[in-house]
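**Student:** Provided herewith is a single structure, encoded as C-alpha cells, for subsequent inquiry.
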Amino acid sequence: MNPAALFFILFVLLTLAVTRLAARRQGAGATAFYSADGRLAGWQNGLALAGDYLSAAAFLGAAGLYFTSGYDSAVYAVGTLFGWPLLLILLAERLRERGEYTLAGVLAQRFDSPAVRGLAAASSLTVTLFYLIVQMVGAGKLVELLFGLPYPAAVGIVGALMVLYAAVGGMLATSWVQMIKALLLFGCTGALAAGVLAAHGGSVTALFADAAARAGHGAALFLPSRALANPVEVLSLGVGLTLGLLGLPHVLMRFVTVPDARAARSSAVWATGLIALFFVVNMLIGFGAVALLTPHAELFGPAGKLIGGSNMAAVQLARVEGGELAAGFVAAVAFATILAVVAGLALAGASVISRDLYAGLLRGSSARTELRLARGAVVALGALAVALSLAFRDQNVAFLFGLAFALAASSNFPLLLLALFWPKLTARGVIAGGVTGIVAAVGLIVTGPAVWVAVLGHKAPLFPYANPALFSVPLAFAAAWLGSVTDRAARRAALFT
Amino acid sequence: MTRFCLILLLALVAGYYGVIAFAPALLTGSVAGWPLSILVVLALFALGFAITVLYACSAAKRNGAAR
C-alpha cells in the first residue's frame with residue numbers, strides 16, 4: 001500500500017475514534033455543541049487554534065513560496081503572526097467575557113435589529129464558505145496528486161470526514177482533531193527541519209550559504225522579490241494579512257471553548273508561540289528545499305519546474321531526506337491538516353446558520369431544535385462545499401482566499417472592534433460600515449488583477465492592486481463612523497433614555 | 001500596558017512593511033553569516049511573542065488586583 005494512504009488511514013481511524021469519544025462526553029444543547037462546554041484548558045485551546053489556523057497553505061504553500069520566491073514567504077509570515085497578539089489585546093478576552101461566538105451574536109448584544117444580524121451573518125457565512133471552498137479544492141488536488149484518487153472522490157472523502165467530525169462530535173471532537181493534527185504537523189515539520197540542518201552539519205549559516213549558492217541569484221534570495229516591488233501593494237498586503245485574522249469566524253469562535261478570560265489569554269499566548277515556532281521551522285524547510293532539491297534533476301520537469309508544482313517542495317524534500325515512507329508521512333500530515341481546518345470552518349458556518357439566521361433571525365427555537373439544526377447545517381454546508389468544489393475544480397480559486405481575508409478584515413473586523421470599543425456606534429453605523437466593507441472588498445478584488453485579469457481575461461485591471469485592505473478597511477471604518485454620527489434617530493432615542 | 005503593547009505592535013508591523021515597501025535595500029547584508037533580513041524577521045517573531053506574554057501577564061495582574 002502507498003505509505004501516504006497508510007498513514008492517512010491511521011490518522012482517520014484515530015480521529016474517528018476520538019470523535020466517537022467526544023460525542024459521548026459532549027454536553028446537551030447547541031451551546032455545548034459549539035463551545036465544547038467551555039471545558040478546554042488554555043494550552044489545549046492554543047494548540048487547537050494553531051491546528052485550526054495552520055492550513056495546508058501555511059505549510060505546503062509557504063514552503064513552496066520560499067522555494068520559488070525566497071524571502072517573500074517570510075514577509076507573509078510576519079503580517080500573519082502579528083495578527084495574533086492584536087487578536088489577544090483587542091478581541092480574545094472580550095469575546096470570552098461576552099460568551100458570544102459569532103459576529104452577529106456580539107452585535108445582537110447591542111443592537112436589536114434583524115438587519116444588523118442578517119448583515120453580520122451574511123458576511124461571516126461568505127468568509128467561511130470562500131475559505132472552505134479554497135481548502136476543499138486544494139484538498140482535492142492534493143489528494144489527486146498524492147494518492148492517485150480521482151478529484152470527485154477526494155473531495156467527497158474530505159467532505160464526508162468533515163461532516164462526521166463536526167456534526168457528530170461538535171466543537172469538542174473538532175478541537176481534539178485539531179490538537180492531534182497540530183502535534184503531527186509540529187512533529188513532521190520538526191523532523192524535516194532537523195534533516196535539513198543535519199545535511200548542513202547542524203549549521204544554519206551553512207544552510208543559508210548553500211541555499212544562496214544553489215538559488216542562482218545569491219543573496220537576493222533573502223530579499224523581497226519583484227512581486228513585492230510596489231509599495232502600495234506591500235502596505236495593503238500587510239494590512240490585509242494582519243487584520244484578516246481578526247475577522248475570521250472559525251478563529252474567533254474558539255475563544256468560547258475555554259472557561260474564562262484568563263484561559264482565553266493563555267490560549268492566544270500558546271497559539272502565538274506555536275505559530276511563531278512553526279514559521280521558523282517552515283523557513284528552515286523552505287530554504288532547505290532550495291538547497292537540497294536543486295541538485296536533484298530527476299525532481300524537475302522539462303520546463304525546469306518542480307514535479308507536482310512548487311507546493312510539493314516539502315513533500316519532495318521529505319522524499320530526498322527519508323525516501324517514500326517520509327514523503328508519504330508528510331503527504332498524510334498535509335491531508336490531515338486540511339481536514340482539521342475544514343472541520344473548524346464547517347462548525348463556524350453551521351453556527352451562523354443555526355444560531356444567527358435560524359434561531360436569531362427567522363424564529364426563536366428550543367435548544368434541542370437548535371442542536372438538531374446545527375447538525376443539519378453542518379451536513380448542508382458540507383454538501384454545498386463539495387458541490388462548489390466540484391464546480392470550481394478547474395478554476396483558479398486563489399482569489400477566493402484573498403477575498404475571504406479581505407472580507408474578514410474589511411467587514412467583520414471593523415464591526416467587531418467598533419461594537420466592543422465604541423459606545424456611539426449605532427445600528428445604522430453597523431449597516432453602513434458592513435455594507436461598505438463588503439462592497440469595497442468584493443469590488444476591488446473583482447476589478448483587480450486577481451479576478452479582472454487572471455479569471456475574466458481582461459488585459460489590464462480597473463483597480464491596480466491585488467490586495468484591497470489598505471483602502472477597504474479605512475472605508476468601512478469611515479462609513480461606520482459617518483453612519484453613526486449622522487444617525488438622528490439614535491440621538492433622539494439617547495435623549496429620552 | 002494595553003495601550004503600550006498595542007502601539008508597540010502596530011509600530012513594529014508598520015515599520016517592517018514600511019521598510020519592505022519603501023526601503024528594502026536596508027535589509028541587505030549579513031551579520032555573522034546570517035542574512036540581515038532573516039534576523040529582522042526572527043526578531044519580529046520573538047518580539048511579537050514577547051508582547052503577547054507581556055500583555056497576558058499584565059492582564060492577569062490587573063485582574064488579580066481588581067479582585
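Here's how to read the names in the C-alpha cells: chain A, B, ... by the order shown, residue numbers from 1 in each chain, ligand numbers from 1 in the order shown.
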List the neighbours of range 2-6 of chain B out to 12 Å using only C-alpha atoms; skip same-chain residues closer than 2 positions along the sequence, and give me the result as a PDB file with N, CA and C atoms, in the first residue's frame.

**Tutor:**
ATOM      1  N   PHE A  82       1.629  38.743  13.419  1.00  0.00           N
ATOM      2  CA  PHE A  82       1.289  39.917  14.235  1.00  0.00           C
ATOM      3  C   PHE A  82      -0.221  40.075  14.431  1.00  0.00           C
ATOM      4  N   GLY A  83      -1.000  39.365  13.653  1.00  0.00           N
ATOM      5  CA  GLY A  83      -2.437  39.373  13.907  1.00  0.00           C
ATOM      6  C   GLY A  83      -2.768  38.730  15.245  1.00  0.00           C
ATOM      7  N   TRP A  84      -1.964  37.778  15.685  1.00  0.00           N
ATOM      8  CA  TRP A  84      -2.286  37.030  16.920  1.00  0.00           C
ATOM      9  C   TRP A  84      -2.216  37.874  18.186  1.00  0.00           C
ATOM     10  N   PRO A  85      -1.092  38.607  18.433  1.00  0.00           N
ATOM     11  CA  PRO A  85      -1.120  39.482  19.625  1.00  0.00           C
ATOM     12  C   PRO A  85      -2.206  40.546  19.543  1.00  0.00           C
ATOM     13  N   LEU A  86      -2.492  41.026  18.318  1.00  0.00           N
ATOM     14  CA  LEU A  86      -3.583  42.008  18.182  1.00  0.00           C
ATOM     15  C   LEU A  86      -4.920  41.370  18.546  1.00  0.00           C
ATOM     16  N   LEU A  87      -5.088  40.135  18.118  1.00  0.00           N
ATOM     17  CA  LEU A  87      -6.314  39.392  18.446  1.00  0.00           C
ATOM     18  C   LEU A  87      -6.459  39.265  19.965  1.00  0.00           C
ATOM     19  N   LEU A  88      -5.342  38.986  20.636  1.00  0.00           N
ATOM     20  CA  LEU A  88      -5.378  38.853  22.096  1.00  0.00           C
ATOM     21  C   LEU A  88      -5.770  40.176  22.751  1.00  0.00           C
ATOM     22  N   ILE A  89      -5.073  41.245  22.358  1.00  0.00           N
ATOM     23  CA  ILE A  89      -5.270  42.526  23.033  1.00  0.00           C
ATOM     24  C   ILE A  89      -6.657  43.106  22.748  1.00  0.00           C
ATOM     25  N   LEU A  90      -7.092  42.971  21.497  1.00  0.00           N
ATOM     26  CA  LEU A  90      -8.333  43.654  21.116  1.00  0.00           C
ATOM     27  C   LEU A  90      -9.597  42.812  21.316  1.00  0.00           C
TER      28      LEU A  90
ATOM     29  N   LEU B   8       3.172  49.480  20.397  1.00  0.00           N
ATOM     30  CA  LEU B   8       4.429  48.811  20.041  1.00  0.00           C
ATOM     31  C   LEU B   8       4.204  47.820  18.892  1.00  0.00           C
ATOM     32  N   LEU B   9       3.145  47.050  18.999  1.00  0.00           N
ATOM     33  CA  LEU B   9       2.834  46.076  17.942  1.00  0.00           C
ATOM     34  C   LEU B   9       2.600  46.750  16.597  1.00  0.00           C
ATOM     35  N   LEU B  10       1.760  47.788  16.636  1.00  0.00           N
ATOM     36  CA  LEU B  10       1.436  48.471  15.381  1.00  0.00           C
ATOM     37  C   LEU B  10       2.672  49.146  14.798  1.00  0.00           C
ATOM     38  N   ALA B  11       3.524  49.716  15.678  1.00  0.00           N
ATOM     39  CA  ALA B  11       4.743  50.371  15.195  1.00  0.00           C
ATOM     40  C   ALA B  11       5.679  49.347  14.547  1.00  0.00           C
ATOM     41  N   LEU B  12       5.793  48.182  15.172  1.00  0.00           N
ATOM     42  CA  LEU B  12       6.690  47.150  14.634  1.00  0.00           C
ATOM     43  C   LEU B  12       6.214  46.656  13.269  1.00  0.00           C
ATOM     44  N   VAL B  13       4.933  46.337  13.178  1.00  0.00           N
ATOM     45  CA  VAL B  13       4.430  45.774  11.926  1.00  0.00           C
ATOM     46  C   VAL B  13       4.405  46.844  10.830  1.00  0.00           C
ATOM     47  N   ALA B  14       4.030  48.076  11.208  1.00  0.00           N
ATOM     48  CA  ALA B  14       4.024  49.159  10.209  1.00  0.00           C
ATOM     49  C   ALA B  14       5.460  49.461   9.763  1.00  0.00           C
ATOM     50  N   LEU B  47       9.687  39.278  19.209  1.00  0.00           N
ATOM     51  CA  LEU B  47       9.042  40.442  19.839  1.00  0.00           C
ATOM     52  C   LEU B  47       7.521  40.270  19.883  1.00  0.00           C
ATOM     53  N   GLY B  48       6.956  39.764  18.796  1.00  0.00           N
ATOM     54  CA  GLY B  48       5.502  39.531  18.759  1.00  0.00           C
ATOM     55  C   GLY B  48       5.091  38.600  19.885  1.00  0.00           C
ATOM     56  N   PHE B  49       5.852  37.538  20.068  1.00  0.00           N
ATOM     57  CA  PHE B  49       5.526  36.587  21.135  1.00  0.00           C
ATOM     58  C   PHE B  49       5.752  37.226  22.513  1.00  0.00           C
ATOM     59  N   ALA B  50       6.863  37.970  22.643  1.00  0.00           N
ATOM     60  CA  ALA B  50       7.172  38.605  23.935  1.00  0.00           C
ATOM     61  C   ALA B  50       6.065  39.587  24.334  1.00  0.00           C
ATOM     62  N   ILE B  51       5.565  40.337  23.358  1.00  0.00           N
ATOM     63  CA  ILE B  51       4.491  41.305  23.669  1.00  0.00           C
ATOM     64  C   ILE B  51       3.219  40.559  24.098  1.00  0.00           C
ATOM     65  N   THR B  52       2.973  39.435  23.444  1.00  0.00           N
ATOM     66  CA  THR B  52       1.804  38.621  23.807  1.00  0.00           C
ATOM     67  C   THR B  52       1.903  38.159  25.258  1.00  0.00           C
ATOM     68  N   VAL B  53       3.092  37.663  25.629  1.00  0.00           N
ATOM     69  CA  VAL B  53       3.300  37.185  27.006  1.00  0.00           C
ATOM     70  C   VAL B  53       3.194  38.356  27.988  1.00  0.00           C
ATOM     71  N   LEU B  54       3.825  39.474  27.630  1.00  0.00           N
ATOM     72  CA  LEU B  54       3.813  40.660  28.499  1.00  0.00           C
ATOM     73  C   LEU B  54       2.383  41.124  28.760  1.00  0.00           C
ATOM     74  N   TYR B  55       1.584  41.186  27.697  1.00  0.00           N
ATOM     75  CA  TYR B  55       0.202  41.641  27.854  1.00  0.00           C
ATOM     76  C   TYR B  55      -0.595  40.659  28.723  1.00  0.00           C
ATOM     77  N   ALA B  56      -0.411  39.361  28.455  1.00  0.00           N
ATOM     78  CA  ALA B  56      -1.171  38.352  29.212  1.00  0.00           C
ATOM     79  C   ALA B  56      -0.815  38.428  30.695  1.00  0.00           C
ATOM     80  N   CYS B  57       0.481  38.606  30.997  1.00  0.00           N
ATOM     81  CA  CYS B  57       0.907  38.684  32.409  1.00  0.00           C
ATOM     82  C   CYS B  57       0.343  39.935  33.070  1.00  0.00           C
ATOM     83  N   SER B  58       0.401  41.061  32.349  1.00  0.00           N
ATOM     84  CA  SER B  58      -0.085  42.306  32.954  1.00  0.00           C
ATOM     85  C   SER B  58      -1.602  42.239  33.157  1.00  0.00           C
ATOM     86  N   ALA B  59      -2.300  41.611  32.211  1.00  0.00           N
ATOM     87  CA  ALA B  59      -3.760  41.481  32.357  1.00  0.00           C
ATOM     88  C   ALA B  59      -4.102  40.580  33.538  1.00  0.00           C
ATOM     89  N   ARG B  62      -3.595  42.661  36.616  1.00  0.00           N
ATOM     90  CA  ARG B  62      -4.668  43.661  36.707  1.00  0.00           C
ATOM     91  C   ARG B  62      -5.950  43.018  37.250  1.00  0.00           C
TER      92      ARG B  62
END

**Student:** Show me a table, sorted first by chain and then by increasing residue number, of the residues of chain A having an atom at most 9 Å from chain B, each with its shortest atom pair and the distance in Å to one decimal, counting only C-alpha atoms and written as CSV.

**Tutor:**
residue,atom,partner,partner_atom,distance
A:Tyr71,CA,B:Ile38,CA,8.1
A:Ala74,CA,B:Val41,CA,7.1
A:Val75,CA,B:Val41,CA,8.0
A:Ala77,CA,B:Val41,CA,8.7
A:Val78,CA,B:Val41,CA,6.9
A:Gly79,CA,B:Val13,CA,7.0
A:Leu81,CA,B:Phe45,CA,7.3
A:Phe82,CA,B:Gly48,CA,6.2
A:Trp84,CA,B:Thr52,CA,8.2
A:Pro85,CA,B:Thr52,CA,5.2
A:Leu86,CA,B:Leu6,CA,7.1
A:Leu88,CA,B:Thr52,CA,7.4
A:Ile89,CA,B:Thr2,CA,6.9
A:Leu90,CA,B:Leu6,CA,8.6
A:Val204,CA,B:Trp34,CA,8.0
A:Thr205,CA,B:Gly33,CA,5.4
A:Ala206,CA,B:Gly33,CA,8.1
A:Phe208,CA,B:Trp34,CA,7.3
A:Ala209,CA,B:Gly33,CA,7.9
A:Ala219,CA,B:Pro35,CA,7.9
A:Ala220,CA,B:Thr28,CA,8.4
A:Phe222,CA,B:Ser37,CA,6.4
A:Leu223,CA,B:Ser37,CA,6.8
A:Pro224,CA,B:Pro24,CA,7.1
A:Leu228,CA,B:Ala21,CA,7.5
A:Ala229,CA,B:Ala21,CA,7.0
A:Asn230,CA,B:Ala21,CA,6.7
A:Pro231,CA,B:Ala21,CA,4.1
A:Val232,CA,B:Ala21,CA,7.2
A:Glu233,CA,B:Ala21,CA,8.1
A:Val234,CA,B:Ala21,CA,5.6
A:Leu235,CA,B:Tyr17,CA,6.0
A:Leu237,CA,B:Tyr17,CA,8.8
A:Gly238,CA,B:Tyr17,CA,6.4
A:Val239,CA,B:Ala14,CA,8.7
A:Thr242,CA,B:Val13,CA,8.5
A:Arg262,CA,B:Ala60,CA,6.8
A:Arg265,CA,B:Ala56,CA,5.9
A:Ser266,CA,B:Ala56,CA,7.1
A:Ala268,CA,B:Thr52,CA,7.8
A:Val269,CA,B:Thr52,CA,5.9
A:Thr272,CA,B:Phe49,CA,6.1
A:Gly273,CA,B:Phe49,CA,5.9
A:Ala276,CA,B:Phe45,CA,5.9
A:Leu277,CA,B:Phe45,CA,8.5
A:Phe279,CA,B:Phe45,CA,8.7
A:Val280,CA,B:Leu42,CA,7.4

**Student:** Would you kindly return, as a PyMOL selection string, each protein, DNA or RNA residue with an atom no farther than 10 Å from any atom of Ser310 in chain A, considering only C-alpha atoms and excluding same-chain residues fewer than 5 positions away?

**Tutor:** chain A and resi 60-68+305+315-316

**Student:** Put those residues in a file: all heavy atoms, as a PDB file, in the first residue's frame.

**Tutor:**
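Written output follows (again_38.pdb):
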ATOM      1  N   LEU A  60       2.470  23.707   3.130  1.00  0.00           N
ATOM      2  CA  LEU A  60       2.989  23.410   1.789  1.00  0.00           C
ATOM      3  C   LEU A  60       3.145  24.678   0.955  1.00  0.00           C
ATOM      4  O   LEU A  60       4.150  24.845   0.250  1.00  0.00           O
ATOM      5  CB  LEU A  60       2.053  22.432   1.069  1.00  0.00           C
ATOM      6  CG  LEU A  60       1.833  21.071   1.723  1.00  0.00           C
ATOM      7  CD1 LEU A  60       0.926  20.212   0.868  1.00  0.00           C
ATOM      8  CD2 LEU A  60       3.154  20.351   1.970  1.00  0.00           C
ATOM      9  N   GLY A  61       2.151  25.565   1.036  1.00  0.00           N
ATOM     10  CA  GLY A  61       2.185  26.791   0.232  1.00  0.00           C
ATOM     11  C   GLY A  61       3.339  27.696   0.624  1.00  0.00           C
ATOM     12  O   GLY A  61       4.060  28.209  -0.236  1.00  0.00           O
ATOM     13  N   ALA A  62       3.539  27.874   1.942  1.00  0.00           N
ATOM     14  CA  ALA A  62       4.608  28.773   2.401  1.00  0.00           C
ATOM     15  C   ALA A  62       5.983  28.176   2.094  1.00  0.00           C
ATOM     16  O   ALA A  62       6.905  28.889   1.670  1.00  0.00           O
ATOM     17  CB  ALA A  62       4.458  29.040   3.892  1.00  0.00           C
ATOM     18  N   ALA A  63       6.139  26.862   2.293  1.00  0.00           N
ATOM     19  CA  ALA A  63       7.420  26.226   1.960  1.00  0.00           C
ATOM     20  C   ALA A  63       7.686  26.348   0.455  1.00  0.00           C
ATOM     21  O   ALA A  63       8.819  26.621   0.028  1.00  0.00           O
ATOM     22  CB  ALA A  63       7.403  24.756   2.384  1.00  0.00           C
ATOM     23  N   GLY A  64       6.627  26.178  -0.346  1.00  0.00           N
ATOM     24  CA  GLY A  64       6.762  26.317  -1.797  1.00  0.00           C
ATOM     25  C   GLY A  64       7.131  27.737  -2.202  1.00  0.00           C
ATOM     26  O   GLY A  64       7.890  27.940  -3.148  1.00  0.00           O
ATOM     27  N   LEU A  65       6.584  28.718  -1.461  1.00  0.00           N
ATOM     28  CA  LEU A  65       6.901  30.119  -1.779  1.00  0.00           C
ATOM     29  C   LEU A  65       8.364  30.431  -1.461  1.00  0.00           C
ATOM     30  O   LEU A  65       9.019  31.185  -2.178  1.00  0.00           O
ATOM     31  CB  LEU A  65       5.957  31.056  -1.016  1.00  0.00           C
ATOM     32  CG  LEU A  65       5.960  32.519  -1.452  1.00  0.00           C
ATOM     33  CD1 LEU A  65       5.594  32.673  -2.927  1.00  0.00           C
ATOM     34  CD2 LEU A  65       4.988  33.341  -0.612  1.00  0.00           C
ATOM     35  N   TYR A  66       8.893  29.860  -0.368  1.00  0.00           N
ATOM     36  CA  TYR A  66      10.336  30.011  -0.092  1.00  0.00           C
ATOM     37  C   TYR A  66      11.127  29.420  -1.265  1.00  0.00           C
ATOM     38  O   TYR A  66      12.131  29.976  -1.704  1.00  0.00           O
ATOM     39  CB  TYR A  66      10.736  29.266   1.188  1.00  0.00           C
ATOM     40  CG  TYR A  66      10.500  30.041   2.458  1.00  0.00           C
ATOM     41  CD1 TYR A  66       9.556  29.602   3.393  1.00  0.00           C
ATOM     42  CD2 TYR A  66      11.223  31.187   2.756  1.00  0.00           C
ATOM     43  CE1 TYR A  66       9.331  30.294   4.563  1.00  0.00           C
ATOM     44  CE2 TYR A  66      11.005  31.886   3.927  1.00  0.00           C
ATOM     45  CZ  TYR A  66      10.063  31.440   4.837  1.00  0.00           C
ATOM     46  OH  TYR A  66       9.842  32.132   5.993  1.00  0.00           O
ATOM     47  N   PHE A  67      10.638  28.279  -1.761  1.00  0.00           N
ATOM     48  CA  PHE A  67      11.359  27.569  -2.823  1.00  0.00           C
ATOM     49  C   PHE A  67      11.396  28.397  -4.113  1.00  0.00           C
ATOM     50  O   PHE A  67      12.418  28.461  -4.788  1.00  0.00           O
ATOM     51  CB  PHE A  67      10.684  26.209  -3.073  1.00  0.00           C
ATOM     52  CG  PHE A  67      11.402  25.360  -4.074  1.00  0.00           C
ATOM     53  CD1 PHE A  67      12.605  24.743  -3.764  1.00  0.00           C
ATOM     54  CD2 PHE A  67      10.880  25.182  -5.343  1.00  0.00           C
ATOM     55  CE1 PHE A  67      13.277  23.973  -4.693  1.00  0.00           C
ATOM     56  CE2 PHE A  67      11.540  24.406  -6.271  1.00  0.00           C
ATOM     57  CZ  PHE A  67      12.744  23.804  -5.945  1.00  0.00           C
ATOM     58  N   THR A  68      10.258  29.042  -4.442  1.00  0.00           N
ATOM     59  CA  THR A  68      10.213  29.790  -5.713  1.00  0.00           C
ATOM     60  C   THR A  68      10.620  31.255  -5.562  1.00  0.00           C
ATOM     61  O   THR A  68      11.242  31.818  -6.442  1.00  0.00           O
ATOM     62  CB  THR A  68       8.791  29.776  -6.320  1.00  0.00           C
ATOM     63  OG1 THR A  68       7.886  30.276  -5.329  1.00  0.00           O
ATOM     64  CG2 THR A  68       8.379  28.391  -6.749  1.00  0.00           C
ATOM     65  N   LYS A 305      10.509  23.075 -13.854  1.00  0.00           N
ATOM     66  CA  LYS A 305       9.640  23.258 -12.676  1.00  0.00           C
ATOM     67  C   LYS A 305       9.638  21.986 -11.834  1.00  0.00           C
ATOM     68  O   LYS A 305       9.731  20.877 -12.376  1.00  0.00           O
ATOM     69  CB  LYS A 305       8.195  23.538 -13.128  1.00  0.00           C
ATOM     70  CG  LYS A 305       8.068  24.735 -14.061  1.00  0.00           C
ATOM     71  CD  LYS A 305       7.755  25.972 -13.289  1.00  0.00           C
ATOM     72  CE  LYS A 305       7.531  27.153 -14.227  1.00  0.00           C
ATOM     73  NZ  LYS A 305       7.594  28.433 -13.570  1.00  0.00           N
ATOM     74  N   VAL A 315       7.089  18.004   0.358  1.00  0.00           N
ATOM     75  CA  VAL A 315       6.935  16.553   0.144  1.00  0.00           C
ATOM     76  C   VAL A 315       8.178  15.997  -0.570  1.00  0.00           C
ATOM     77  O   VAL A 315       8.703  14.941  -0.198  1.00  0.00           O
ATOM     78  CB  VAL A 315       5.654  16.260  -0.676  1.00  0.00           C
ATOM     79  CG1 VAL A 315       5.504  14.771  -0.935  1.00  0.00           C
ATOM     80  CG2 VAL A 315       4.427  16.791   0.041  1.00  0.00           C
ATOM     81  N   GLN A 316       8.638  16.725  -1.572  1.00  0.00           N
ATOM     82  CA  GLN A 316       9.839  16.281  -2.294  1.00  0.00           C
ATOM     83  C   GLN A 316      11.066  16.312  -1.386  1.00  0.00           C
ATOM     84  O   GLN A 316      11.951  15.453  -1.480  1.00  0.00           O
ATOM     85  CB  GLN A 316      10.085  17.162  -3.534  1.00  0.00           C
ATOM     86  CG  GLN A 316       8.970  17.135  -4.564  1.00  0.00           C
ATOM     87  CD  GLN A 316       8.888  15.817  -5.340  1.00  0.00           C
ATOM     88  OE1 GLN A 316       9.342  14.774  -4.867  1.00  0.00           O
ATOM     89  NE2 GLN A 316       8.274  15.859  -6.511  1.00  0.00           N
TER      90      GLN A 316
END

**Student:** Nearest to Ser55 in chain A: which of A:Gly42, A:Glu144, A:Thr126, A:Gly344 is it, counting only C-alpha atoms?

**Tutor:**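 Distance minimum relative to Ser55 in chain A lands on A:Gly344.
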
**Student:** Write out as an MDAnalysis selection string all residues of range 175-417 of chain A that backbone DSSP assigns to helix (DSSP H, G or I).

**Tutor:** chainID A and resid 175:198 204:215 218:222 226:228 231:247 249:256 261:293 297:299 310:362 367:391 398:417

**Student:** Please identify all polymer residues within 12 Å of Met162 in chain A, counting only C-alpha atoms, omitting same-chain residues fewer than 4 positions from it, and present them as a PyMOL selection string.

**Tutor:** chain A and resi 12+15-16+19+132+135-136+139+155-158+166-170+173-174+177-178+335-347+375+378-383+385-386

**Student:** Have a look at A:Gly38, A:Pro468, A:Gly140, A:Gly323 and name the one nearest to Glu97 in chain A; count only C-alpha atoms.

**Tutor:** A:Gly38

**Student:** So that I can check the secondary structure, give me every residue of chain B assigned strand (DSSP E or B) by backbone DSSP, as a list in words.

**Tutor:**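 So the strand (DSSP E or B) residues in chain B would be Ser30, Val31, Trp34 and Pro35 of chain B.
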
**Student:** Could the residues in this selection be written to a file with N, CA, C and O atoms, as a PDB file, in the first residue's frame?

**Tutor:**
ATOM      1  N   SER B  30      24.632  40.964   5.931  1.00  0.00           N
ATOM      2  CA  SER B  30      24.542  39.831   6.851  1.00  0.00           C
ATOM      3  C   SER B  30      25.289  40.135   8.150  1.00  0.00           C
ATOM      4  O   SER B  30      26.151  41.011   8.199  1.00  0.00           O
ATOM      5  N   VAL B  31      24.925  39.407   9.193  1.00  0.00           N
ATOM      6  CA  VAL B  31      25.561  39.540  10.499  1.00  0.00           C
ATOM      7  C   VAL B  31      25.987  38.140  10.931  1.00  0.00           C
ATOM      8  O   VAL B  31      25.127  37.263  11.114  1.00  0.00           O
ATOM      9  N   TRP B  34      24.482  35.310   9.071  1.00  0.00           N
ATOM     10  CA  TRP B  34      23.004  35.291   8.994  1.00  0.00           C
ATOM     11  C   TRP B  34      22.556  36.463   8.130  1.00  0.00           C
ATOM     12  O   TRP B  34      22.944  37.598   8.397  1.00  0.00           O
ATOM     13  N   PRO B  35      21.709  36.227   7.127  1.00  0.00           N
ATOM     14  CA  PRO B  35      21.178  37.365   6.358  1.00  0.00           C
ATOM     15  C   PRO B  35      20.434  38.319   7.290  1.00  0.00           C
ATOM     16  O   PRO B  35      19.652  37.882   8.138  1.00  0.00           O
TER      17      PRO B  35
END

**Student:** So that I can check the surroundings of Leu293 in chain A, please list as a PyMOL selection string every protein, DNA and RNA residue that reaches within 9 Å of it, counting only C-alpha atoms and ignoring chain neighbours fewer than 4 positions away.

**Tutor:** chain A and resi 288-289+297+299+306+313+316-317+320
